[in-house]
Number of protein chains: 2
Amino acid sequence: MAQETHSDTLTAAALTLKDIARQAGVSLATVDRVLHNRPGVRPDTVRRVREAIERNSFQPHVAAAELARGRARRFAFVMPSGPNPFMQQIQAYLGEMSAWLAARRLNVEMIATDVFDPSVLAASLEALSGDYDGVAVVALDHPGVRAAINDLVDAGTKVVTLVSDVPSSRRHHYVGIDNIAAGRTAGALVGRLVGGRAGKVAIVAGSQGLRDHAERIFGFNQVMASEFPDLSVLPVLEGRDEDERSEQLLARLFGRHADIVGLYNVGAGTQGVANALSKAARETVVFVGHDVTALTRRLLLQGVMDAAISQNPGHEARAAVRVLLALARGEPILREQEKIRIDIVMRDNLP
Amino acid sequence: MAQETHSDTLTAAALTLKDIARQAGVSLATVDRVLHNRPGVRPDTVRRVREAIERNSFQPHVAAAELARGRARRFAFVMPSGPNPFMQQIQAYLGEMSAWLAARRLNVEMIATDVFDPSVLAASLEALSGDYDGVAVVALDHPGVRAAINDLVDAGTKVVTLVSDVPSSRRHHYVGIDNIAAGRTAGALVGRLVGGRAGKVAIVAGSQGLRDHAERIFGFNQVMASEFPDLSVLPVLEGRDEDERSEQLLARLFGRHADIVGLYNVGAGTQGVANALSKAARETVVFVGHDVTALTRRLLLQGVMDAAISQNPGHEARAAVRVLLALARGEPILREQEKIRIDIVMRDNLP
DNA sequence: GGTGTTTTGAGGTACGCAACTCATTTTGAG
DNA sequence: CTCAAAATGAGTTGCGTACCTCAAAACACC
């Protein structure tokens with residue numbers, strides 16, 4: 001009979017701390033001291049215990065550790081106040097996880113604040129100190145905010161930045177996309193979808209002062225310059241993420257340029273952009289924007305928008321929670337899993 | 001002082017079974033019987049206990065339950081034998097999770113078998129009965145396989161189909177993409193990237209007998225017919241996922257048609273397709289294929305391929321494990337999280 | 001050798017639940 | 001009303017770890 005089947009095991013040796021103690025020739029108490037970096041153990045003994053752990057690739061049983069520590073963990077999500085659909089989605093996805101959170105005795109609190117005012121944000125963060133095991137924050141990159149984040153980290157709180165990073169701080173992790181790559185992707189899409197026509201490309205952003213918007217524009221221009229010489233990029237319109245303003249600026253631009261073939265909307269204000277397009281009867285303009293919301297979904301289906309660059313808010317919400325939990329438990333982070341992908345969404349792969 | 005901040009809690013009431021027992025006016029043992037559907041409880045009492053659980057939206061503490069059950073869980077992944085890069089990736093990603101698995105006392109075994117032979121696959125599945133808490137299988141849709149899956153389910157084993165579904169079986173979950181939507185997405189990409197030129201579009205598939213390939217072709221043709229009337233689709237070439245055969249078939253096709261503007265490679269054999277393109281000097285042909293491998297990555301960077309439809313093997317591997325675990329624990333599945341997205345990968349958003 | 005300090009051992013308790021036993025109460029059939 | 005069966009209560013044990021106390025041993029120093 002032919003051997004049709006081959007089996008291969010990823011087995012976990014079911015060792016316990018007691019086994020490690022025996023192998024290292026010490027007591028359970030000493031292993032415990034080593035494991036939690038508690039003082040009162042000779043360096044040589046520490047080494048012996050560590051070796052025993054290594055040798056058996058021992059992993060503490062997560063469930064037992066979780067049960068033994070008793071108290072529940074508290075996480076805070078510091079997010080922008082005001083009617084931001086993207087943030088509302090993140091909040092909604094956290095709500096969908098409530099059973100999952102409850103089963104793990106995790107308390108997640110949403111804290112809405114004015115994240116665009118550095119001093120207010122910094123104060124909000126400072127106020128959290130000591131009360132939480134982990135904090136996820138949509139942060140502005142500003143010295144005061146950076147200091148507040150570092151203070152939290154020093155106090156032992158795990159900190160992840162969400163959507164918008166503060167790379168200069170000592171935050172433990174960033175959950176969000178690479179905005180330069182997102183801009184490059186948008187550029188490639190606009191360039192390719194224009195299909196060889198020559199002409200001009202418009203950019204509408206919230207503000208070039210926002211780190212993520214600036215990075216997206218940078219990436220977009222990079223691709224335009226290097227790969228699509230037939231397309232010339234017009235100066236960036238700053239629509240402040242407001243519909244009316246975006247519409248007005250764009251209408252004026254359409255009036256001045258008859259040969260606009262592409263449009264990149266970096267931030268919000270999507271409805272205004274769509275209005276301007278339809279009033280100017282520029283249906284053939286390739287329109288690429290960000291995020292899948294009720295509005296962009298409709299525009300994609302109608303053919304008004306050609307593609308949306310999306311960063312899956314559900315994934316971001318869950319990744320933030322998982323990363324905070326892994327950090328709090330001292331578990332390794334599955335980088336591949338927690339990396340936020342840049343999704344290209346067109347009509348036929350709408351989620 | 002202005003109230004700048006608003007807080008909102010997703011709190012887990014930290015109730016225990018003891019609290020539920022007290023509220024329902026029964027003993028712990030009875031609650032336990034209800035919770036695990038054990039016999040010997042009057043319907044009326046069951047109702048009272050259930051109500052107490054509902055009322056408090058009680059969630060058993062996952063860690064405590066896990067610890068109490070004692071024995072580790074065993075999962076089996078039944079995958080194709082042979083050098084399939086996509087499957088090797090899945091296996092590699094499972095390897096990356098080994099610490100995660102070990103910390104949860106999960107044993108995952110890879111079982112390589114000839115999944116394309118229904119009787120062999122069915123026999124492999126039958127052989128697993130009773131030994132595993134969960135099975136993930138790359139399955140062929142065939143009556144024998146369907147019966148084997150149903151037998152496993154009846155024996156209490158949790159079963160998920162991976163990559164390729166058997167919808168007629170009673171498997172608990174399918175982890176993979178919607179292949180019709182994938183084909184539609186490929187069609188939309190080819191159509192859009194061709195950029196208004198008229199001409200013919202070639203399709204290379206492994207075999208139209210494979211469910212996933214057939215579905216992709218179906219979706220592709222759908223979009224072509226309805227949205228791109230200037231493009232006509234040529235008969236499908238069956239390359240059997242082999243490089244040489246795909247290259248030969250394609251070379252002959254190029255010889256007969258000078259006006260091919262697009263090409264959809266449904267399965268593997270990618271190197272052969274690329275060779276045929278380069279030898280025929282058809283650089284302007286829009287080439288869309290599937291999966292991000294070392295090869296397709298290179299072709300995308302070189303500009304030979306224009307886009308790849310990807311189904312993130314890492315996500316599939318992790319989702320399969322998470323789903324099996326949630327099923328085994330009786331936890332709800334986070335559908336949104338476990339849904340495999342159809343990723344459009346172009347040069348600038350290569351992962 | 002004695003003193004004080006550091007290191008280690010031994011042991012206990014608690015976490016919340018699963019799974020079990022055994023005694024007791026309730027129920028229903030005859 | 002009797003008796004068996006069904007339903008329930010009360011209790012125990014153990015899972016593997018965290019965290020704690022207290023005593024004993026080892027060590028350093030004078």
# chains A, B, ... in the order shown; residues from 1 in each chain; ligands from 1
$ residues_around --residues "DT2 in chain D" --least-positions-apart "3" --cutoff "12 Å" --atoms "only C-alpha atoms (C1' of nucleotides)" --output "CSV table (one decimal) with C-alpha atoms (C1' of nucleotides), in the first residue's frame"
chain,number,residue,atom,x,y,z
C,28,DG,C1',-44.4,10.8,38.3
C,29,DA,C1',-46.2,6.2,37.5
C,30,DG,C1',-48.6,2.4,39.3
$ select_by_dssp --residues "range 67-272 of chain A" --states "helix (DSSP H, G or I)" --output "PyMOL selection string"
chain A and resi 67-69+85-96+98-103+118-128+143-154+179-194+211-227+243-256+270-272
$ write_last_selection --atoms "C-alpha atoms" --output "JSON list (two decimals), in the first residue's frame"
[["chain", "number", "residue", "atom", "x", "y", "z"],
["A", 67, "LEU", "CA", -6.33, 33.48, 35.55],
["A", 68, "ALA", "CA", -3.73, 33.83, 38.24],
["A", 69, "ARG", "CA", -3.22, 37.55, 37.93],
["A", 85, "PRO", "CA", -17.03, 58.49, 10.07],
["A", 86, "PHE", "CA", -13.73, 56.64, 10.05],
["A", 87, "MET", "CA", -13.39, 56.89, 13.81],
["A", 88, "GLN", "CA", -17.03, 55.95, 14.28],
["A", 89, "GLN", "CA", -16.32, 52.80, 12.34],
["A", 90, "ILE", "CA", -13.42, 51.93, 14.60],
["A", 91, "GLN", "CA", -15.69, 52.42, 17.57],
["A", 92, "ALA", "CA", -18.37, 50.25, 16.00],
["A", 93, "TYR", "CA", -15.91, 47.45, 15.37],
["A", 94, "LEU", "CA", -14.78, 47.57, 18.97],
["A", 95, "GLY", "CA", -18.40, 47.18, 19.93],
["A", 96, "GLU", "CA", -18.66, 44.06, 17.80],
["A", 98, "SER", "CA", -17.55, 43.11, 23.12],
["A", 99, "ALA", "CA", -18.21, 39.42, 23.71],
["A", 100, "TRP", "CA", -14.62, 38.62, 22.83],
["A", 101, "LEU", "CA", -13.41, 41.30, 25.20],
["A", 102, "ALA", "CA", -15.71, 40.19, 27.98],
["A", 103, "ALA", "CA", -14.59, 36.58, 27.72],
["A", 118, "PRO", "CA", -1.66, 69.30, 21.12],
["A", 119, "SER", "CA", -2.03, 70.68, 24.62],
["A", 120, "VAL", "CA", -5.51, 69.22, 25.08],
["A", 121, "LEU", "CA", -4.36, 65.86, 23.76],
["A", 122, "ALA", "CA", -1.26, 65.87, 25.94],
["A", 123, "ALA", "CA", -3.35, 66.72, 28.98],
["A", 124, "SER", "CA", -5.80, 63.91, 28.18],
["A", 125, "LEU", "CA", -2.94, 61.47, 27.94],
["A", 126, "GLU", "CA", -1.29, 62.62, 31.15],
["A", 127, "ALA", "CA", -4.61, 62.16, 32.92],
["A", 128, "LEU", "CA", -4.61, 58.47, 32.06],
["A", 143, "PRO", "CA", 6.58, 67.72, 21.19],
["A", 144, "GLY", "CA", 4.01, 67.97, 23.97],
["A", 145, "VAL", "CA", 2.20, 64.88, 22.77],
["A", 146, "ARG", "CA", 5.47, 63.04, 22.38],
["A", 147, "ALA", "CA", 6.40, 63.84, 25.97],
["A", 148, "ALA", "CA", 3.01, 62.70, 27.23],
["A", 149, "ILE", "CA", 3.38, 59.41, 25.39],
["A", 150, "ASN", "CA", 6.85, 58.88, 26.79],
["A", 151, "ASP", "CA", 5.57, 59.57, 30.29],
["A", 152, "LEU", "CA", 2.93, 56.89, 29.86],
["A", 153, "VAL", "CA", 5.53, 54.44, 28.63],
["A", 154, "ASP", "CA", 7.76, 55.23, 31.58],
["A", 179, "ASN", "CA", 1.01, 56.68, 4.16],
["A", 180, "ILE", "CA", 3.80, 57.26, 1.65],
["A", 181, "ALA", "CA", 3.07, 53.87, 0.14],
["A", 182, "ALA", "CA", -0.63, 54.71, 0.17],
["A", 183, "GLY", "CA", 0.08, 57.87, -1.81],
["A", 184, "ARG", "CA", 2.25, 55.92, -4.23],
["A", 185, "THR", "CA", -0.54, 53.43, -4.72],
["A", 186, "ALA", "CA", -3.00, 56.21, -5.39],
["A", 187, "GLY", "CA", -0.59, 57.67, -7.91],
["A", 188, "ALA", "CA", -0.13, 54.39, -9.68],
["A", 189, "LEU", "CA", -3.88, 53.90, -9.84],
["A", 190, "VAL", "CA", -4.63, 57.34, -11.21],
["A", 191, "GLY", "CA", -1.81, 57.02, -13.72],
["A", 192, "ARG", "CA", -2.83, 53.60, -14.90],
["A", 193, "LEU", "CA", -6.57, 54.23, -14.99],
["A", 194, "VAL", "CA", -6.13, 57.42, -17.01],
["A", 211, "ARG", "CA", 1.43, 64.30, 8.74],
["A", 212, "ASP", "CA", -0.54, 61.57, 7.01],
["A", 213, "HIS", "CA", -1.84, 63.86, 4.28],
["A", 214, "ALA", "CA", 1.59, 65.29, 3.62],
["A", 215, "GLU", "CA", 3.05, 61.81, 3.35],
["A", 216, "ARG", "CA", 0.37, 60.66, 0.94],
["A", 217, "ILE", "CA", 0.92, 63.66, -1.31],
["A", 218, "PHE", "CA", 4.64, 63.02, -1.22],
["A", 219, "GLY", "CA", 4.20, 59.43, -2.35],
["A", 220, "PHE", "CA", 1.68, 60.44, -4.99],
["A", 221, "ASN", "CA", 3.99, 63.01, -6.52],
["A", 222, "GLN", "CA", 6.87, 60.57, -6.44],
["A", 223, "VAL", "CA", 5.06, 58.11, -8.67],
["A", 224, "MET", "CA", 3.65, 60.79, -10.91],
["A", 225, "ALA", "CA", 7.04, 62.32, -11.57],
["A", 226, "SER", "CA", 8.85, 59.07, -12.19],
["A", 227, "GLU", "CA", 6.29, 57.00, -14.04],
["A", 243, "ASP", "CA", -17.41, 69.46, 1.61],
["A", 244, "GLU", "CA", -18.30, 73.05, 0.66],
["A", 245, "ARG", "CA", -14.77, 74.31, 0.60],
["A", 246, "SER", "CA", -13.50, 71.35, -1.39],
["A", 247, "GLU", "CA", -16.29, 71.79, -3.90],
["A", 248, "GLN", "CA", -15.64, 75.50, -4.37],
["A", 249, "LEU", "CA", -11.90, 75.16, -4.78],
["A", 250, "LEU", "CA", -12.32, 72.33, -7.22],
["A", 251, "ALA", "CA", -15.00, 74.14, -9.25],
["A", 252, "ARG", "CA", -12.65, 77.08, -9.67],
["A", 253, "LEU", "CA", -9.87, 74.73, -10.74],
["A", 254, "PHE", "CA", -12.08, 73.06, -13.33],
["A", 255, "GLY", "CA", -12.89, 76.48, -14.68],
["A", 256, "ARG", "CA", -9.25, 77.22, -15.26],
["A", 270, "THR", "CA", -15.61, 63.50, -0.53],
["A", 271, "GLN", "CA", -19.16, 64.67, -1.14],
["A", 272, "GLY", "CA", -17.94, 68.09, -2.15]]
$ residues_around --residues "Gly303 in chain B" --least-positions-apart "3" --cutoff "12 Å" --atoms "only C-alpha atoms (C1' of nucleotides)" --output "list in words"
Glu227 of chain A; Ala274, Leu277, Ser278, Glu283, Thr284, Val285, Val286, Phe287, Val288, Thr296, Arg297, Arg298, Leu299, Leu300, Asp306, Ala307, Ala308, Met346, Arg347 and Asp348 of chain B
$ interface_residues --of "chain B" --to "chain D" --cutoff "10 Å" --atoms "only C-alpha atoms (C1' of nucleotides)" --output "list of chain:residue names"
B:Val26, B:Ser27, B:Leu28, B:Ala29, B:Thr30, B:Pro39, B:Gly40, B:Val41, B:Arg42, B:Thr45, B:Ala64, B:Ala65, B:Glu66, B:Leu67, B:Ala68, B:Arg69, B:Gly70, B:Arg71
$ closest_atom_pairs --of "chain C" --to "chain A" --cutoff "12 Å" --atoms "only C-alpha atoms (C1' of nucleotides)" --output "JSON lines"
{"residue": "C:DT5", "atom": "C1'", "partner": "A:Gly40", "partner_atom": "CA", "distance": 11.1}
{"residue": "C:DT6", "atom": "C1'", "partner": "A:Gly40", "partner_atom": "CA", "distance": 6.9}
{"residue": "C:DT7", "atom": "C1'", "partner": "A:Gly40", "partner_atom": "CA", "distance": 6.0}
{"residue": "C:DT8", "atom": "C1'", "partner": "A:Thr30", "partner_atom": "CA", "distance": 7.1}
{"residue": "C:DG9", "atom": "C1'", "partner": "A:Ser27", "partner_atom": "CA", "distance": 6.2}
{"residue": "C:DA10", "atom": "C1'", "partner": "A:Ser27", "partner_atom": "CA", "distance": 8.3}
{"residue": "C:DG11", "atom": "C1'", "partner": "A:Ala29", "partner_atom": "CA", "distance": 10.0}
{"residue": "C:DT13", "atom": "C1'", "partner": "A:Ala68", "partner_atom": "CA", "distance": 10.9}
{"residue": "C:DA14", "atom": "C1'", "partner": "A:Ala68", "partner_atom": "CA", "distance": 7.4}
{"residue": "C:DC15", "atom": "C1'", "partner": "A:Ala68", "partner_atom": "CA", "distance": 4.8}
{"residue": "C:DG16", "atom": "C1'", "partner": "A:Leu67", "partner_atom": "CA", "distance": 7.4}
{"residue": "C:DC17", "atom": "C1'", "partner": "A:Leu67", "partner_atom": "CA", "distance": 10.3}
$ write_last_selection --atoms "N, CA and C atoms (P, O5', C5', C4', C3', O3' and C1' of nucleotides)" --output "short mmCIF file (atom, residue, chain, number, x, y, z; two decimals), in the first residue's frame"
data_model
loop_
_atom_site.label_atom_id
_atom_site.label_comp_id
_atom_site.auth_asym_id
_atom_site.auth_seq_id
_atom_site.Cartn_x
_atom_site.Cartn_y
_atom_site.Cartn_z
P DT C 5 22.25 44.30 57.71
"O5'" DT C 5 22.37 43.58 56.29
"C5'" DT C 5 23.63 43.61 55.60
"C4'" DT C 5 23.60 42.58 54.49
"C3'" DT C 5 22.30 42.59 53.66
"O3'" DT C 5 22.64 42.82 52.31
"C1'" DT C 5 22.93 40.38 54.27
P DT C 6 21.50 43.03 51.20
"O5'" DT C 6 21.69 41.68 50.39
"C5'" DT C 6 23.01 41.22 50.09
"C4'" DT C 6 22.94 39.78 49.63
"C3'" DT C 6 21.87 39.52 48.56
"O3'" DT C 6 22.50 38.83 47.48
"C1'" DT C 6 21.69 37.95 50.32
P DT C 7 21.67 38.54 46.12
"O5'" DT C 7 21.24 37.03 46.37
"C5'" DT C 7 22.25 36.04 46.53
"C4'" DT C 7 21.61 34.75 46.96
"C3'" DT C 7 20.56 34.19 46.01
"O3'" DT C 7 21.04 32.94 45.54
"C1'" DT C 7 19.87 34.02 48.27
P DT C 8 20.23 32.19 44.38
"O5'" DT C 8 19.26 31.26 45.21
"C5'" DT C 8 19.84 30.22 46.00
"C4'" DT C 8 18.78 29.61 46.89
"C3'" DT C 8 17.58 29.00 46.17
"O3'" DT C 8 17.75 27.61 46.13
"C1'" DT C 8 17.01 30.10 48.22
P DG C 9 16.55 26.72 45.54
"O5'" DG C 9 15.73 26.39 46.85
"C5'" DG C 9 16.41 25.88 47.98
"C4'" DG C 9 15.42 25.50 49.06
"C3'" DG C 9 14.23 24.68 48.56
"O3'" DG C 9 13.99 23.64 49.50
"C1'" DG C 9 13.44 26.66 49.62
P DA C 10 13.06 22.44 49.10
"O5'" DA C 10 11.75 22.81 49.90
"C5'" DA C 10 11.85 23.18 51.28
"C4'" DA C 10 10.48 23.63 51.77
"C3'" DA C 10 9.31 22.92 51.09
"O3'" DA C 10 8.51 22.31 52.08
"C1'" DA C 10 8.99 25.29 51.10
P DG C 11 7.28 21.39 51.70
"O5'" DG C 11 6.08 22.41 51.83
"C5'" DG C 11 6.02 23.25 52.97
"C4'" DG C 11 5.05 24.38 52.72
"C3'" DG C 11 3.78 23.95 51.97
"O3'" DG C 11 2.72 23.82 52.91
"C1'" DG C 11 4.60 26.11 51.29
P DT C 13 -3.74 27.41 52.61
"O5'" DT C 13 -4.04 28.68 51.70
"C5'" DT C 13 -3.63 29.98 52.12
"C4'" DT C 13 -4.00 30.98 51.05
"C3'" DT C 13 -5.37 30.70 50.41
"O3'" DT C 13 -6.09 31.91 50.33
"C1'" DT C 13 -3.71 30.81 48.74
P DA C 14 -7.68 31.86 50.02
"O5'" DA C 14 -7.73 32.46 48.55
"C5'" DA C 14 -7.00 33.65 48.25
"C4'" DA C 14 -6.91 33.78 46.75
"C3'" DA C 14 -8.20 33.37 46.02
"O3'" DA C 14 -8.72 34.50 45.34
"C1'" DA C 14 -6.27 32.40 45.00
P DC C 15 -10.25 34.47 44.86
"O5'" DC C 15 -10.09 34.49 43.29
"C5'" DC C 15 -9.08 35.26 42.64
"C4'" DC C 15 -8.82 34.70 41.28
"C3'" DC C 15 -10.05 34.04 40.66
"O3'" DC C 15 -10.73 34.99 39.84
"C1'" DC C 15 -8.01 32.79 40.27
P DG C 16 -12.33 35.12 40.00
"O5'" DG C 16 -12.85 34.00 39.00
"C5'" DG C 16 -12.57 34.14 37.61
"C4'" DG C 16 -12.92 32.85 36.91
"C3'" DG C 16 -14.37 32.39 37.14
"O3'" DG C 16 -14.95 32.17 35.88
"C1'" DG C 16 -12.82 30.63 37.59
P DC C 17 -16.42 31.58 35.71
"O5'" DC C 17 -16.07 30.08 35.34
"C5'" DC C 17 -15.34 29.85 34.14
"C4'" DC C 17 -14.79 28.44 34.15
"C3'" DC C 17 -15.85 27.35 34.02
"O3'" DC C 17 -15.70 26.77 32.73
"C1'" DC C 17 -14.17 26.82 35.66
#
$ residues_around --residues "Ala198 in chain B" --least-positions-apart "2" --cutoff "7 Å" --atoms "only C-alpha atoms (C1' of nucleotides)" --output "VMD selection string"
chain B and resid 196 230 to 231
$ decode --residues "range 2-22 of chain D" --atoms "N, CA, C and O atoms (P, O5', C5', C4', C3', O3' and C1' of nucleotides)" --output "compact mmCIF listing (two decimals), in the first residue's frame"
# COMPACT_ATOMS: atom_id res chain seq x y z
P DT D 2 -46.65 4.47 52.22
O5' DT D 2 -46.17 3.87 50.83
C5' DT D 2 -46.79 2.66 50.36
C4' DT D 2 -45.98 2.12 49.19
C3' DT D 2 -44.46 2.17 49.41
O3' DT D 2 -43.89 0.97 48.91
C1' DT D 2 -45.04 3.44 47.47
P DC D 3 -42.35 0.68 49.26
O5' DC D 3 -41.67 0.90 47.84
C5' DC D 3 -42.28 0.31 46.68
C4' DC D 3 -41.63 0.91 45.44
C3' DC D 3 -40.12 1.09 45.54
O3' DC D 3 -39.49 0.53 44.41
C1' DC D 3 -41.15 3.13 44.87
P DA D 4 -37.90 0.37 44.39
O5' DA D 4 -37.58 1.00 42.97
C5' DA D 4 -38.43 0.66 41.86
C4' DA D 4 -38.37 1.79 40.84
C3' DA D 4 -36.95 2.17 40.41
O3' DA D 4 -36.91 2.29 39.00
C1' DA D 4 -38.10 4.08 41.21
P DA D 5 -35.54 2.51 38.25
O5' DA D 5 -35.74 3.98 37.70
C5' DA D 5 -36.98 4.32 37.07
C4' DA D 5 -37.05 5.82 36.90
C3' DA D 5 -35.77 6.45 36.35
O3' DA D 5 -36.11 7.31 35.28
C1' DA D 5 -36.42 7.54 38.35
P DA D 6 -34.95 8.10 34.44
O5' DA D 6 -35.17 9.59 34.92
C5' DA D 6 -36.48 10.12 34.97
C4' DA D 6 -36.47 11.43 35.72
C3' DA D 6 -35.39 12.40 35.26
O3' DA D 6 -35.99 13.65 35.01
C1' DA D 6 -35.29 12.11 37.61
P DA D 7 -35.15 14.87 34.46
O5' DA D 7 -34.83 15.67 35.79
C5' DA D 7 -35.91 16.17 36.56
C4' DA D 7 -35.38 16.80 37.82
C3' DA D 7 -34.34 17.92 37.60
O3' DA D 7 -34.84 19.09 38.23
C1' DA D 7 -33.61 16.39 39.27
P DT D 8 -34.06 20.49 38.02
O5' DT D 8 -33.08 20.46 39.26
C5' DT D 8 -33.63 20.53 40.56
C4' DT D 8 -32.58 20.25 41.59
C3' DT D 8 -31.38 21.20 41.59
O3' DT D 8 -31.61 22.19 42.58
C1' DT D 8 -30.84 18.95 42.21
P DG D 9 -30.51 23.26 42.94
O5' DG D 9 -29.76 22.52 44.13
C5' DG D 9 -30.51 22.05 45.23
C4' DG D 9 -29.58 21.54 46.31
C3' DG D 9 -28.44 22.48 46.67
O3' DG D 9 -28.28 22.46 48.08
C1' DG D 9 -27.56 20.39 45.95
P DA D 10 -27.40 23.52 48.82
O5' DA D 10 -26.07 22.69 49.09
C5' DA D 10 -26.15 21.43 49.74
C4' DA D 10 -24.78 20.77 49.74
C3' DA D 10 -23.62 21.75 49.86
O3' DA D 10 -22.83 21.38 50.97
C1' DA D 10 -23.25 20.22 48.09
P DG D 11 -21.64 22.32 51.44
O5' DG D 11 -20.37 21.55 50.86
C5' DG D 11 -20.29 20.14 51.07
C4' DG D 11 -19.38 19.52 50.05
C3' DG D 11 -18.05 20.26 49.83
O3' DG D 11 -17.05 19.65 50.64
C1' DG D 11 -18.96 19.32 47.81
P DT D 12 -15.58 20.18 50.59
O5' DT D 12 -14.95 19.29 49.45
C5' DT D 12 -15.18 17.89 49.41
C4' DT D 12 -14.43 17.28 48.24
C3' DT D 12 -13.01 17.84 48.10
O3' DT D 12 -12.06 16.79 48.05
C1' DT D 12 -14.22 18.05 46.03
P DT D 13 -10.53 17.17 48.19
O5' DT D 13 -10.09 17.10 46.67
C5' DT D 13 -10.47 15.98 45.88
C4' DT D 13 -10.04 16.23 44.45
C3' DT D 13 -8.66 16.89 44.32
O3' DT D 13 -7.85 16.11 43.47
C1' DT D 13 -10.27 18.08 43.05
P DG D 14 -6.28 16.39 43.43
O5' DG D 14 -6.12 17.13 42.03
C5' DG D 14 -6.74 16.59 40.87
C4' DG D 14 -6.70 17.62 39.78
C3' DG D 14 -5.38 18.41 39.70
O3' DG D 14 -4.84 18.30 38.40
C1' DG D 14 -7.23 19.89 39.72
P DC D 15 -3.34 18.65 38.15
O5' DC D 15 -3.44 19.69 36.95
C5' DC D 15 -4.34 19.50 35.88
C4' DC D 15 -4.66 20.83 35.27
C3' DC D 15 -3.49 21.81 35.32
O3' DC D 15 -2.74 21.68 34.12
C1' DC D 15 -5.61 22.85 35.87
P DG D 16 -1.15 21.48 34.19
O5' DG D 16 -0.63 22.98 34.35
C5' DG D 16 -0.90 23.89 33.29
C4' DG D 16 -0.60 25.29 33.76
C3' DG D 16 0.83 25.47 34.30
O3' DG D 16 1.38 26.60 33.67
C1' DG D 16 -0.76 26.26 35.88
P DT D 17 2.87 27.06 33.90
O5' DT D 17 2.64 28.40 34.73
C5' DT D 17 1.98 29.47 34.11
C4' DT D 17 1.32 30.35 35.14
C3' DT D 17 2.26 31.23 35.94
O3' DT D 17 2.28 32.53 35.35
C1' DT D 17 0.43 30.35 37.24
P DA D 18 3.28 33.64 35.87
O5' DA D 18 2.49 34.28 37.10
C5' DA D 18 1.38 35.12 36.84
C4' DA D 18 0.83 35.66 38.14
C3' DA D 18 1.81 36.54 38.93
O3' DA D 18 1.11 37.69 39.35
C1' DA D 18 1.01 34.79 40.31
P DC D 19 1.94 39.00 39.81
O5' DC D 19 1.82 38.90 41.39
C5' DC D 19 0.59 38.52 41.99
C4' DC D 19 0.84 38.08 43.41
C3' DC D 19 2.04 38.76 44.09
O3' DC D 19 1.59 39.36 45.27
C1' DC D 19 2.02 36.46 44.51
P DC D 20 2.46 40.49 46.03
O5' DC D 20 2.63 39.86 47.49
C5' DC D 20 1.48 39.31 48.12
C4' DC D 20 1.88 38.18 49.05
C3' DC D 20 3.11 38.44 49.90
O3' DC D 20 2.74 39.06 51.13
C1' DC D 20 2.92 36.15 49.16
P DT D 21 3.88 39.52 52.16
O5' DT D 21 4.09 38.23 53.07
C5' DT D 21 2.96 37.46 53.48
C4' DT D 21 3.44 36.24 54.25
C3' DT D 21 4.58 36.53 55.22
O3' DT D 21 4.28 35.97 56.49
C1' DT D 21 5.19 34.76 53.75
P DC D 22 5.09 36.49 57.80
O5' DC D 22 6.07 35.27 58.05
C5' DC D 22 5.53 33.94 58.02
C4' DC D 22 6.66 32.94 57.93
C3' DC D 22 7.89 33.31 58.78
O3' DC D 22 8.25 32.19 59.57
C1' DC D 22 8.53 32.79 56.57
